[in-house]
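What follows is the content of entry-v4.pdb (PDB, C-alpha atoms).
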MODEL        1
ATOM      1  CA  GLU D1059     -23.210 -54.266 -37.400
ATOM      2  CA  GLY D1060     -21.180 -54.212 -40.560
ATOM      3  CA  GLU D1061     -23.184 -51.465 -42.228
ATOM      4  CA  SER D1062     -21.458 -49.112 -44.648
ATOM      5  CA  VAL D1063     -21.323 -45.574 -43.271
ATOM      6  CA  THR D1064     -20.409 -42.524 -45.329
ATOM      7  CA  SER D1065     -18.845 -39.754 -43.267
ATOM      8  CA  LEU D1066     -19.675 -36.176 -44.262
ATOM      9  CA  CYS D1067     -17.704 -34.688 -41.374
ATOM     10  CA  VAL D1068     -14.498 -33.529 -43.040
ATOM     11  CA  GLY D1069     -14.247 -30.806 -45.688
ATOM     12  CA  GLU D1070     -11.890 -32.747 -47.933
ATOM     13  CA  PRO D1071     -12.074 -33.182 -51.733
ATOM     14  CA  ASP D1072     -12.215 -36.759 -52.966
ATOM     15  CA  PHE D1073      -9.842 -36.117 -55.861
ATOM     16  CA  ALA D1074      -6.031 -36.226 -55.799
ATOM     17  CA  PRO D1075      -3.774 -33.174 -56.027
ATOM     18  CA  PRO D1076      -2.512 -32.278 -59.530
ATOM     19  CA  LEU D1077       0.466 -34.338 -60.683
ATOM     20  CA  SER D1078       2.595 -31.193 -61.025
ATOM     21  CA  VAL D1079       2.073 -30.526 -57.318
ATOM     22  CA  LEU D1080       3.169 -34.026 -56.350
ATOM     23  CA  ASP D1081       6.157 -33.819 -58.687
ATOM     24  CA  ALA D1082       7.179 -30.464 -57.190
ATOM     25  CA  ALA D1083       7.165 -31.970 -53.707
ATOM     26  CA  THR D1084       9.304 -34.889 -54.855
ATOM     27  CA  GLU D1085      11.766 -32.655 -56.666
ATOM     28  CA  ALA D1086      12.026 -30.335 -53.669
ATOM     29  CA  MET D1087      13.073 -33.228 -51.449
ATOM     30  CA  LYS D1088      15.571 -34.480 -54.001
ATOM     31  CA  ALA D1089      17.007 -30.972 -54.327
ATOM     32  CA  GLY D1090      17.574 -30.716 -50.595
ATOM     33  CA  GLN D1091      14.763 -28.254 -49.855
ATOM     34  CA  THR D1092      14.190 -29.936 -46.526
ATOM     35  CA  ARG D1093      15.322 -27.276 -44.077
ATOM     36  CA  TYR D1094      13.634 -24.425 -42.244
ATOM     37  CA  THR D1095      12.420 -21.513 -44.321
ATOM     38  CA  ALA D1096      11.627 -17.992 -43.169
ATOM     39  CA  VAL D1097       8.821 -17.998 -40.613
ATOM     40  CA  THR D1098       6.517 -16.201 -43.055
ATOM     41  CA  GLY D1099       7.264 -18.629 -45.893
ATOM     42  CA  THR D1100       9.571 -18.805 -48.881
ATOM     43  CA  ALA D1101       9.851 -15.770 -51.121
ATOM     44  CA  ASP D1102       8.764 -17.883 -54.093
ATOM     45  CA  LEU D1103       5.513 -18.896 -52.430
ATOM     46  CA  ARG D1104       4.687 -15.462 -51.009
ATOM     47  CA  ASN D1105       5.306 -13.914 -54.435
ATOM     48  CA  ALA D1106       3.063 -16.526 -56.058
ATOM     49  CA  ILE D1107       0.303 -15.854 -53.520
ATOM     50  CA  ALA D1108       0.555 -12.098 -54.036
ATOM     51  CA  GLU D1109       0.362 -12.501 -57.811
ATOM     52  CA  ASP D1110      -2.627 -14.842 -57.562
ATOM     53  CA  LEU D1111      -4.525 -12.460 -55.287
ATOM     54  CA  LYS D1112      -3.780  -9.534 -57.566
ATOM     55  CA  THR D1113      -4.740 -11.198 -60.839
ATOM     56  CA  ARG D1114      -7.744 -13.235 -59.676
ATOM     57  CA  LYS D1115      -9.161 -11.272 -56.762
ATOM     58  CA  GLY D1116      -8.133  -7.699 -57.473
ATOM     59  CA  VAL D1117      -6.351  -7.167 -54.147
ATOM     60  CA  GLU D1118      -2.700  -6.212 -53.794
ATOM     61  CA  TYR D1119      -0.369  -7.214 -50.963
ATOM     62  CA  ASN D1120       3.331  -6.751 -50.437
ATOM     63  CA  PRO D1121       4.708 -10.316 -50.382
ATOM     64  CA  VAL D1122       7.482  -9.267 -47.991
ATOM     65  CA  THR D1123       5.419  -7.549 -45.297
ATOM     66  CA  GLU D1124       1.773  -8.467 -45.815
ATOM     67  CA  ILE D1125       1.618 -12.227 -46.416
ATOM     68  CA  VAL D1126       2.243 -15.007 -43.901
ATOM     69  CA  VAL D1127       2.271 -18.684 -44.855
ATOM     70  CA  GLY D1128       1.069 -21.018 -42.111
ATOM     71  CA  ASN D1129       0.586 -24.689 -41.358
ATOM     72  CA  GLY D1130      -2.887 -24.763 -42.858
ATOM     73  CA  ALA D1131      -5.495 -22.012 -42.998
ATOM     74  CA  LYS D1132      -6.745 -23.118 -39.591
ATOM     75  CA  GLN D1133      -3.565 -21.905 -37.925
ATOM     76  CA  CYS D1134      -3.896 -18.630 -39.815
ATOM     77  CA  VAL D1135      -7.454 -18.144 -38.553
ATOM     78  CA  TYR D1136      -6.367 -18.632 -34.961
ATOM     79  CA  GLN D1137      -3.349 -16.366 -35.303
ATOM     80  CA  GLY D1138      -5.516 -13.769 -37.019
ATOM     81  CA  LEU D1139      -7.758 -13.747 -33.972
ATOM     82  CA  LEU D1140      -4.768 -13.511 -31.643
ATOM     83  CA  ALA D1141      -3.545 -10.490 -33.592
ATOM     84  CA  SER D1142      -6.876  -8.663 -33.664
ATOM     85  CA  CYS D1143      -8.618  -9.240 -30.309
ATOM     86  CA  GLY D1144      -8.103 -10.453 -26.778
ATOM     87  CA  ALA D1145      -9.507 -10.681 -23.265
ATOM     88  CA  GLY D1146     -12.703  -8.699 -22.798
ATOM     89  CA  ASP D1147     -13.393  -8.357 -26.526
ATOM     90  CA  GLU D1148     -16.228  -9.967 -28.454
ATOM     91  CA  VAL D1149     -16.168 -11.862 -31.752
ATOM     92  CA  ILE D1150     -19.253 -11.913 -33.975
ATOM     93  CA  VAL D1151     -19.801 -15.415 -35.386
ATOM     94  CA  PRO D1152     -22.637 -15.792 -37.924
ATOM     95  CA  ALA D1153     -24.510 -19.086 -37.580
ATOM     96  CA  PRO D1154     -24.474 -21.758 -38.876
ATOM     97  CA  TYR D1155     -20.732 -21.714 -38.320
ATOM     98  CA  TRP D1156     -17.609 -23.823 -38.477
ATOM     99  CA  PRO D1157     -17.312 -25.225 -34.920
ATOM    100  CA  SER D1158     -13.748 -23.943 -34.486
ATOM    101  CA  TYR D1159     -14.674 -20.243 -34.698
ATOM    102  CA  PRO D1160     -16.262 -19.798 -31.253
ATOM    103  CA  GLU D1161     -13.714 -22.117 -29.655
ATOM    104  CA  MET D1162     -10.828 -20.100 -31.080
ATOM    105  CA  ALA D1163     -12.445 -16.908 -29.786
ATOM    106  CA  LEU D1164     -12.558 -18.444 -26.319
ATOM    107  CA  LEU D1165      -8.935 -19.554 -26.591
ATOM    108  CA  VAL D1166      -7.782 -15.964 -27.162
ATOM    109  CA  GLY D1167      -9.820 -14.799 -24.163
ATOM    110  CA  ALA D1168     -12.626 -13.173 -26.164
ATOM    111  CA  SER D1169     -16.336 -13.980 -26.028
ATOM    112  CA  PRO D1170     -18.100 -15.356 -29.126
ATOM    113  CA  VAL D1171     -21.392 -13.679 -30.001
ATOM    114  CA  VAL D1172     -23.584 -15.760 -32.292
ATOM    115  CA  LEU D1173     -25.364 -13.851 -35.056
ATOM    116  CA  GLU D1174     -28.248 -15.994 -36.230
ATOM    117  CA  THR D1175     -29.070 -16.115 -39.928
ATOM    118  CA  ALA D1176     -32.398 -17.091 -41.469
ATOM    119  CA  VAL D1177     -33.533 -19.540 -44.124
ATOM    120  CA  GLU D1178     -35.315 -16.746 -45.986
ATOM    121  CA  ASP D1179     -31.925 -15.021 -46.329
ATOM    122  CA  GLY D1180     -30.278 -18.201 -47.567
ATOM    123  CA  TYR D1181     -28.458 -18.469 -44.221
ATOM    124  CA  LEU D1182     -26.366 -15.494 -45.303
ATOM    125  CA  ILE D1183     -25.623 -12.421 -43.199
ATOM    126  CA  ASN D1184     -28.517  -9.985 -43.102
ATOM    127  CA  PRO D1185     -26.989  -6.468 -43.029
ATOM    128  CA  ASP D1186     -29.780  -5.079 -40.824
ATOM    129  CA  GLU D1187     -29.339  -7.871 -38.292
ATOM    130  CA  LEU D1188     -25.584  -7.348 -38.348
ATOM    131  CA  ASP D1189     -26.134  -3.657 -37.641
ATOM    132  CA  LYS D1190     -28.337  -4.462 -34.650
ATOM    133  CA  CYS D1191     -25.842  -7.026 -33.358
ATOM    134  CA  LEU D1192     -22.907  -4.623 -33.540
ATOM    135  CA  ALA D1193     -24.942  -1.842 -31.920
ATOM    136  CA  ASP D1194     -25.837  -4.194 -29.058
ATOM    137  CA  HIS D1195     -22.222  -5.354 -28.616
ATOM    138  CA  PRO D1196     -19.877  -2.360 -28.423
ATOM    139  CA  LYS D1197     -17.072  -4.677 -27.275
ATOM    140  CA  ALA D1198     -17.082  -6.459 -30.649
ATOM    141  CA  LYS D1199     -13.642  -6.328 -32.249
ATOM    142  CA  VAL D1200     -13.910  -9.012 -34.936
ATOM    143  CA  LEU D1201     -16.482 -10.241 -37.461
ATOM    144  CA  MET D1202     -15.909 -13.760 -38.735
ATOM    145  CA  LEU D1203     -16.936 -13.715 -42.401
ATOM    146  CA  CYS D1204     -16.775 -17.157 -43.979
ATOM    147  CA  ASN D1205     -17.517 -16.884 -47.681
ATOM    148  CA  PRO D1206     -18.416 -19.307 -49.179
ATOM    149  CA  SER D1207     -19.973 -20.414 -45.940
ATOM    150  CA  ASN D1208     -18.843 -23.460 -44.035
ATOM    151  CA  PRO D1209     -21.095 -25.370 -43.376
ATOM    152  CA  THR D1210     -24.015 -24.145 -45.530
ATOM    153  CA  GLY D1211     -22.212 -23.582 -48.829
ATOM    154  CA  GLY D1212     -23.962 -20.242 -49.151
ATOM    155  CA  VAL D1213     -22.161 -17.627 -51.243
ATOM    156  CA  HIS D1214     -22.459 -13.937 -50.358
ATOM    157  CA  SER D1215     -22.868 -11.976 -53.593
ATOM    158  CA  THR D1216     -20.879  -8.833 -54.330
ATOM    159  CA  GLU D1217     -24.062  -6.820 -53.785
ATOM    160  CA  LEU D1218     -24.634  -8.352 -50.353
ATOM    161  CA  LEU D1219     -20.992  -7.969 -49.345
ATOM    162  CA  THR D1220     -21.174  -4.301 -50.315
ATOM    163  CA  LYS D1221     -24.170  -3.837 -48.025
ATOM    164  CA  ILE D1222     -22.297  -5.574 -45.205
ATOM    165  CA  ALA D1223     -19.319  -3.284 -45.804
ATOM    166  CA  LYS D1224     -21.643  -0.279 -45.608
ATOM    167  CA  VAL D1225     -22.816  -1.398 -42.171
ATOM    168  CA  LEU D1226     -19.232  -1.902 -41.021
ATOM    169  CA  GLU D1227     -18.400   1.695 -41.916
ATOM    170  CA  LYS D1228     -20.377   2.630 -38.792
ATOM    171  CA  TYR D1229     -18.139   0.422 -36.634
ATOM    172  CA  PRO D1230     -14.544   1.312 -37.554
ATOM    173  CA  ASN D1231     -13.014  -0.660 -34.678
ATOM    174  CA  VAL D1232     -14.258  -3.995 -36.009
ATOM    175  CA  VAL D1233     -11.736  -6.129 -37.910
ATOM    176  CA  ILE D1234     -13.036  -8.570 -40.520
ATOM    177  CA  LEU D1235     -11.537 -12.056 -40.630
ATOM    178  CA  ALA D1236     -12.494 -13.124 -44.150
ATOM    179  CA  ASP D1237     -12.168 -16.896 -44.401
ATOM    180  CA  GLU D1238     -12.249 -17.546 -48.145
ATOM    181  CA  ILE D1239     -10.817 -21.063 -48.190
ATOM    182  CA  TYR D1240     -13.695 -22.409 -50.338
ATOM    183  CA  GLU D1241     -13.660 -19.572 -52.893
ATOM    184  CA  ARG D1242     -12.504 -21.775 -55.792
ATOM    185  CA  LEU D1243     -15.384 -24.246 -55.301
ATOM    186  CA  VAL D1244     -18.397 -22.150 -56.313
ATOM    187  CA  TYR D1245     -21.354 -23.371 -58.381
ATOM    188  CA  THR D1246     -22.855 -20.039 -59.442
ATOM    189  CA  GLU D1247     -23.050 -19.280 -63.159
ATOM    190  CA  ASP D1248     -19.967 -17.045 -63.167
ATOM    191  CA  GLY D1249     -18.135 -19.144 -60.574
ATOM    192  CA  GLN D1250     -16.938 -16.009 -58.812
ATOM    193  CA  CYS D1251     -16.571 -15.203 -55.134
ATOM    194  CA  THR D1252     -15.671 -11.584 -54.361
ATOM    195  CA  SER D1253     -12.824 -10.943 -51.954
ATOM    196  CA  PHE D1254     -14.089  -8.800 -49.090
ATOM    197  CA  ALA D1255     -10.797  -6.900 -48.975
ATOM    198  CA  SER D1256     -11.442  -5.690 -52.534
ATOM    199  CA  LEU D1257     -14.434  -3.590 -51.462
ATOM    200  CA  PRO D1258     -13.939   0.152 -50.903
ATOM    201  CA  GLY D1259     -12.584   0.930 -47.454
ATOM    202  CA  MET D1260     -12.301  -2.710 -46.387
ATOM    203  CA  TRP D1261      -8.700  -3.610 -47.315
ATOM    204  CA  GLU D1262      -7.282  -1.689 -44.356
ATOM    205  CA  ARG D1263      -9.325  -3.656 -41.819
ATOM    206  CA  THR D1264      -9.598  -7.101 -43.403
ATOM    207  CA  ILE D1265      -7.488 -10.169 -42.684
ATOM    208  CA  THR D1266      -7.921 -12.532 -45.618
ATOM    209  CA  LEU D1267      -7.487 -16.251 -44.942
ATOM    210  CA  ASN D1268      -7.042 -18.824 -47.664
ATOM    211  CA  GLY D1269      -5.063 -21.876 -48.689
ATOM    212  CA  LEU D1270      -4.780 -24.776 -51.116
ATOM    213  CA  SER D1271      -6.474 -27.567 -49.177
ATOM    214  CA  LYS D1272      -9.863 -27.314 -50.869
ATOM    215  CA  SER D1273      -9.001 -25.939 -54.311
ATOM    216  CA  HIS D1274      -6.062 -28.261 -55.000
ATOM    217  CA  ALA D1275      -6.945 -31.172 -52.676
ATOM    218  CA  MET D1276      -3.835 -30.519 -50.589
ATOM    219  CA  THR D1277      -5.340 -31.054 -47.130
ATOM    220  CA  GLY D1278      -2.471 -33.233 -45.924
ATOM    221  CA  PHE D1279       0.153 -30.729 -47.038
ATOM    222  CA  ARG D1280      -1.056 -28.360 -44.267
ATOM    223  CA  LEU D1281      -0.538 -25.158 -46.202
ATOM    224  CA  GLY D1282      -2.531 -21.974 -45.735
ATOM    225  CA  TYR D1283      -1.890 -18.272 -45.737
ATOM    226  CA  LEU D1284      -2.960 -14.957 -44.336
ATOM    227  CA  ALA D1285      -2.912 -11.702 -46.310
ATOM    228  CA  ALA D1286      -3.398  -8.493 -44.363
ATOM    229  CA  PRO D1287      -2.121  -4.968 -43.749
ATOM    230  CA  ALA D1288       1.427  -5.011 -42.376
ATOM    231  CA  ARG D1289       0.409  -4.277 -38.789
ATOM    232  CA  PHE D1290      -1.588  -7.522 -38.649
ATOM    233  CA  ALA D1291       0.854  -9.598 -40.692
ATOM    234  CA  LYS D1292       3.751  -8.537 -38.471
ATOM    235  CA  ALA D1293       1.885  -9.510 -35.308
ATOM    236  CA  VAL D1294       0.972 -12.866 -36.834
ATOM    237  CA  SER D1295       4.565 -13.558 -37.907
ATOM    238  CA  VAL D1296       5.806 -12.842 -34.366
ATOM    239  CA  LEU D1297       3.196 -15.209 -32.929
ATOM    240  CA  GLN D1298       3.929 -17.933 -35.448
ATOM    241  CA  GLY D1299       7.637 -17.627 -34.728
ATOM    242  CA  GLN D1300       6.923 -18.751 -31.173
ATOM    243  CA  ILE D1301       4.293 -21.375 -31.988
ATOM    244  CA  THR D1302       5.373 -23.440 -35.012
ATOM    245  CA  SER D1303       7.885 -21.362 -36.990
ATOM    246  CA  CYS D1304       7.611 -22.047 -40.726
ATOM    247  CA  ALA D1305       5.335 -24.319 -42.682
ATOM    248  CA  SER D1306       6.883 -27.411 -44.290
ATOM    249  CA  SER D1307       9.496 -26.491 -46.888
ATOM    250  CA  VAL D1308       8.348 -29.357 -49.109
ATOM    251  CA  SER D1309       4.700 -28.290 -48.877
ATOM    252  CA  GLN D1310       5.672 -24.759 -49.786
ATOM    253  CA  ALA D1311       7.424 -25.950 -52.944
ATOM    254  CA  ALA D1312       4.273 -27.866 -53.827
ATOM    255  CA  GLY D1313       2.265 -24.707 -53.157
ATOM    256  CA  VAL D1314       4.290 -22.742 -55.678
ATOM    257  CA  ALA D1315       3.528 -25.380 -58.299
ATOM    258  CA  ALA D1316      -0.169 -25.299 -57.410
ATOM    259  CA  LEU D1317      -0.342 -21.560 -58.019
ATOM    260  CA  LYS D1318       1.951 -21.325 -61.038
ATOM    261  CA  GLU D1319       1.766 -24.622 -62.925
ATOM    262  CA  VAL D1320      -1.765 -25.988 -62.551
ATOM    263  CA  ASP D1321      -3.962 -25.178 -65.533
ATOM    264  CA  GLU D1322      -7.229 -23.406 -64.797
ATOM    265  CA  SER D1323      -9.112 -26.118 -66.649
ATOM    266  CA  TRP D1324      -8.087 -28.642 -63.974
ATOM    267  CA  LEU D1325      -9.790 -26.545 -61.306
ATOM    268  CA  GLU D1326     -12.843 -25.842 -63.459
ATOM    269  CA  ASN D1327     -13.323 -29.526 -64.265
ATOM    270  CA  ASN D1328     -13.285 -30.464 -60.583
ATOM    271  CA  VAL D1329     -15.962 -27.859 -59.866
ATOM    272  CA  VAL D1330     -18.136 -29.340 -62.635
ATOM    273  CA  ILE D1331     -17.782 -32.813 -61.113
ATOM    274  CA  MET D1332     -18.522 -31.576 -57.596
ATOM    275  CA  LYS D1333     -21.603 -29.704 -58.824
ATOM    276  CA  GLU D1334     -22.851 -32.902 -60.454
ATOM    277  CA  LYS D1335     -22.436 -34.678 -57.107
ATOM    278  CA  ARG D1336     -24.258 -31.865 -55.337
ATOM    279  CA  ASP D1337     -27.122 -32.076 -57.807
ATOM    280  CA  TYR D1338     -27.325 -35.855 -57.352
ATOM    281  CA  VAL D1339     -27.516 -35.558 -53.568
ATOM    282  CA  LEU D1340     -30.189 -32.862 -53.822
ATOM    283  CA  SER D1341     -32.173 -35.056 -56.202
ATOM    284  CA  GLU D1342     -31.994 -38.039 -53.870
ATOM    285  CA  LEU D1343     -32.916 -35.954 -50.839
ATOM    286  CA  GLY D1344     -35.906 -34.651 -52.768
ATOM    287  CA  LYS D1345     -37.210 -38.214 -53.087
ATOM    288  CA  MET D1346     -37.155 -38.764 -49.316
ATOM    289  CA  GLU D1347     -40.438 -38.324 -47.477
ATOM    290  CA  GLY D1348     -40.334 -35.475 -44.973
ATOM    291  CA  VAL D1349     -37.009 -34.127 -46.256
ATOM    292  CA  SER D1350     -36.598 -30.873 -48.141
ATOM    293  CA  VAL D1351     -33.690 -28.565 -48.928
ATOM    294  CA  ALA D1352     -34.780 -24.952 -48.558
ATOM    295  CA  VAL D1353     -31.522 -23.434 -49.743
ATOM    296  CA  PRO D1354     -29.439 -25.446 -52.240
ATOM    297  CA  PRO D1355     -25.759 -24.650 -51.622
ATOM    298  CA  ASN D1356     -23.945 -22.549 -54.231
ATOM    299  CA  GLY D1357     -20.539 -23.538 -52.862
ATOM    300  CA  ALA D1358     -18.828 -26.645 -51.559
TER
ENDMDL
END

Entire entry expressed as structure tokens:
Amino acid sequence: EGESVTSLCVGEPDFAPPLSVLDAATEAMKAGQTRYTAVTGTADLRNAIAEDLKTRKGVEYNPVTEIVVGNGAKQCVYQGLLASCGAGDEVIVPAPYWPSYPEMALLVGASPVVLETAVEDGYLINPDELDKCLADHPKAKVLMLCNPSNPTGGVHSTELLTKIAKVLEKYPNVVILADEIYERLVYTEDGQCTSFASLPGMWERTITLNGLSKSHAMTGFRLGYLAAPARFAKAVSVLQGQITSCASSVSQAAGVAALKEVDESWLENNVVIMKEKRDYVLSELGKMEGVSVAVPPNGA
């Protein structure tokens, strides 16, 4: 009927990538960086990822054996599941959830088990409920931990993550797939989002998933990565070698620029703008009769 419709379906920033990222892509093409790279990614990009994780998140990975660059974080999530579970296993998926999680679990032959969260908990994982869920599902091999949460925007604090880790100590066979793709878009006062792999005893059993789509508005570049102990990273690299091989060489060059050349102020300014938009939407929703927002999102 000609009405204007605003789609809120896709998790995609409305700002452009930094100019240095676009320039790096252009220069890479001009320099002939248009051929296959190693399946796991270029050494430059894997080194940049390892340095970023070490300096910002306090987690260390060997860029040669413990980091795999993929065609978007989505591919890395799926390959992480393929490397950590299979037919007959169960995957714990906290709800509300990104719709792809249970479908990916089914694709690898596992069964998704939905762990409901409550409004009084901010739609975050309740450690006691997680404990009960894992006790009731001895076949569980994977916990999907999306932090900040997609779709709620909820951010698990360091204190809460520590309590979750304490529960997981009782279930040593459970691998944690920590999807942290939104970790640069956080509206809390300190703007921090703790990496689950940085918690005591969790590095050895955590597959960290991240990328540049949200933080640097590089959704179309299809560039994500997985950081994990070598046994998982090796399995993922073998799988990727038979599925897509490497990510785009041009995108990888742009990724290096994103991690090494973009000033922190660029990222911080975008978060300020996005928070202003969030606050505007919450204000407008608050004016609507019969509409209330019980838990304002602390992340994008």

(request) Could you give me, as number ranges by chain, the residues within 6 Å of Lys1199 of chain D, counting all atoms listed in the file and dropping anything in the same chain fewer than 2 positions from it? (result) D: 1148, 1232-1233

(message) Can you pull out the residues contacting segment 1184-1191 of chain D? Cut-off 9 Å, using only C-alpha atoms, and skip same-chain residues under 3 positions away; I want them as an NGL selection string.
(response) :D and (1150 or 1152 or 1171 or 1173-1176 or 1179 or 1181 or 1194-1195 or 1218-1219 or 1221-1226 or 1228)

Output C-alpha atoms of each residue in that selection to a file, as a PDB file, keeping the file's coordinate frame.
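Done, and the output landed in selection_32.pdb:
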ATOM      1  CA  ILE D1150     -19.253 -11.913 -33.975  1.00  0.00           C
ATOM      2  CA  PRO D1152     -22.637 -15.792 -37.924  1.00  0.00           C
ATOM      3  CA  VAL D1171     -21.392 -13.679 -30.001  1.00  0.00           C
ATOM      4  CA  LEU D1173     -25.364 -13.851 -35.056  1.00  0.00           C
ATOM      5  CA  GLU D1174     -28.248 -15.994 -36.230  1.00  0.00           C
ATOM      6  CA  THR D1175     -29.070 -16.115 -39.928  1.00  0.00           C
ATOM      7  CA  ALA D1176     -32.398 -17.091 -41.469  1.00  0.00           C
ATOM      8  CA  ASP D1179     -31.925 -15.021 -46.329  1.00  0.00           C
ATOM      9  CA  TYR D1181     -28.458 -18.469 -44.221  1.00  0.00           C
ATOM     10  CA  ASP D1194     -25.837  -4.194 -29.058  1.00  0.00           C
ATOM     11  CA  HIS D1195     -22.222  -5.354 -28.616  1.00  0.00           C
ATOM     12  CA  LEU D1218     -24.634  -8.352 -50.353  1.00  0.00           C
ATOM     13  CA  LEU D1219     -20.992  -7.969 -49.345  1.00  0.00           C
ATOM     14  CA  LYS D1221     -24.170  -3.837 -48.025  1.00  0.00           C
ATOM     15  CA  ILE D1222     -22.297  -5.574 -45.205  1.00  0.00           C
ATOM     16  CA  ALA D1223     -19.319  -3.284 -45.804  1.00  0.00           C
ATOM     17  CA  LYS D1224     -21.643  -0.279 -45.608  1.00  0.00           C
ATOM     18  CA  VAL D1225     -22.816  -1.398 -42.171  1.00  0.00           C
ATOM     19  CA  LEU D1226     -19.232  -1.902 -41.021  1.00  0.00           C
ATOM     20  CA  LYS D1228     -20.377   2.630 -38.792  1.00  0.00           C
TER      21      LYS D1228
END

(request) For each of D:His1274, D:Arg1263, D:His1214, D:Lys1115, take the minimum atom-to-atom distance to Ser1078 of chain D, counting only C-alpha atoms, then give the residue where this is smallest. (result)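 Checking each of D:His1274, D:Arg1263, D:His1214, D:Lys1115 against Ser1078 of chain D, counting only C-alpha atoms, the winner is D:His1274.
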
(request) Name the closest residue to Arg1289 of chain D among the candidates D:Ile1125, D:Val1172, D:Met1162, D:Met1346; distances are taken between atoms, counting all atoms listed in the file. (result)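 Closest to Arg1289 of chain D, using all atoms listed in the file: D:Ile1125.
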
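If you count all atoms listed in the file and ignore residues fewer than 4 places along the chain from Gln1133 of chain D, what sits within 9 Å of it is Gly1128, Asn1129, Gln1137, Gly1138, Gly1282, Tyr1283 and Gln1298 of chain D.
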
(request) Can you work out the spacing between atom CA of Ala1236 of chain D and atom CA of Leu1203 of chain D in Å, to one decimal? (result) 4.8 Å

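When all atoms listed in the file are used to measure the gap to Val1308 of chain D, the shortest distance among D:Pro1287, D:Gly1357, D:Gly1278, D:Pro1209 belongs to D:Gly1278.
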
(message) Could you tell me how far atom CA of Thr1220 of chain D sits from atom CA of Ala1141 of chain D, in Å to one decimal place?
(response) 25.1 Å

(request) Could you give me, as a VMD selection string, the residues within 9 Å of Ser1207 of chain D, counting all atoms listed in the file and dropping anything in the same chain fewer than 6 positions from it? (result) chain D and resid 1154 to 1156 1181 to 1182 1213 to 1214 1237 to 1238 1240 1357 to 1358
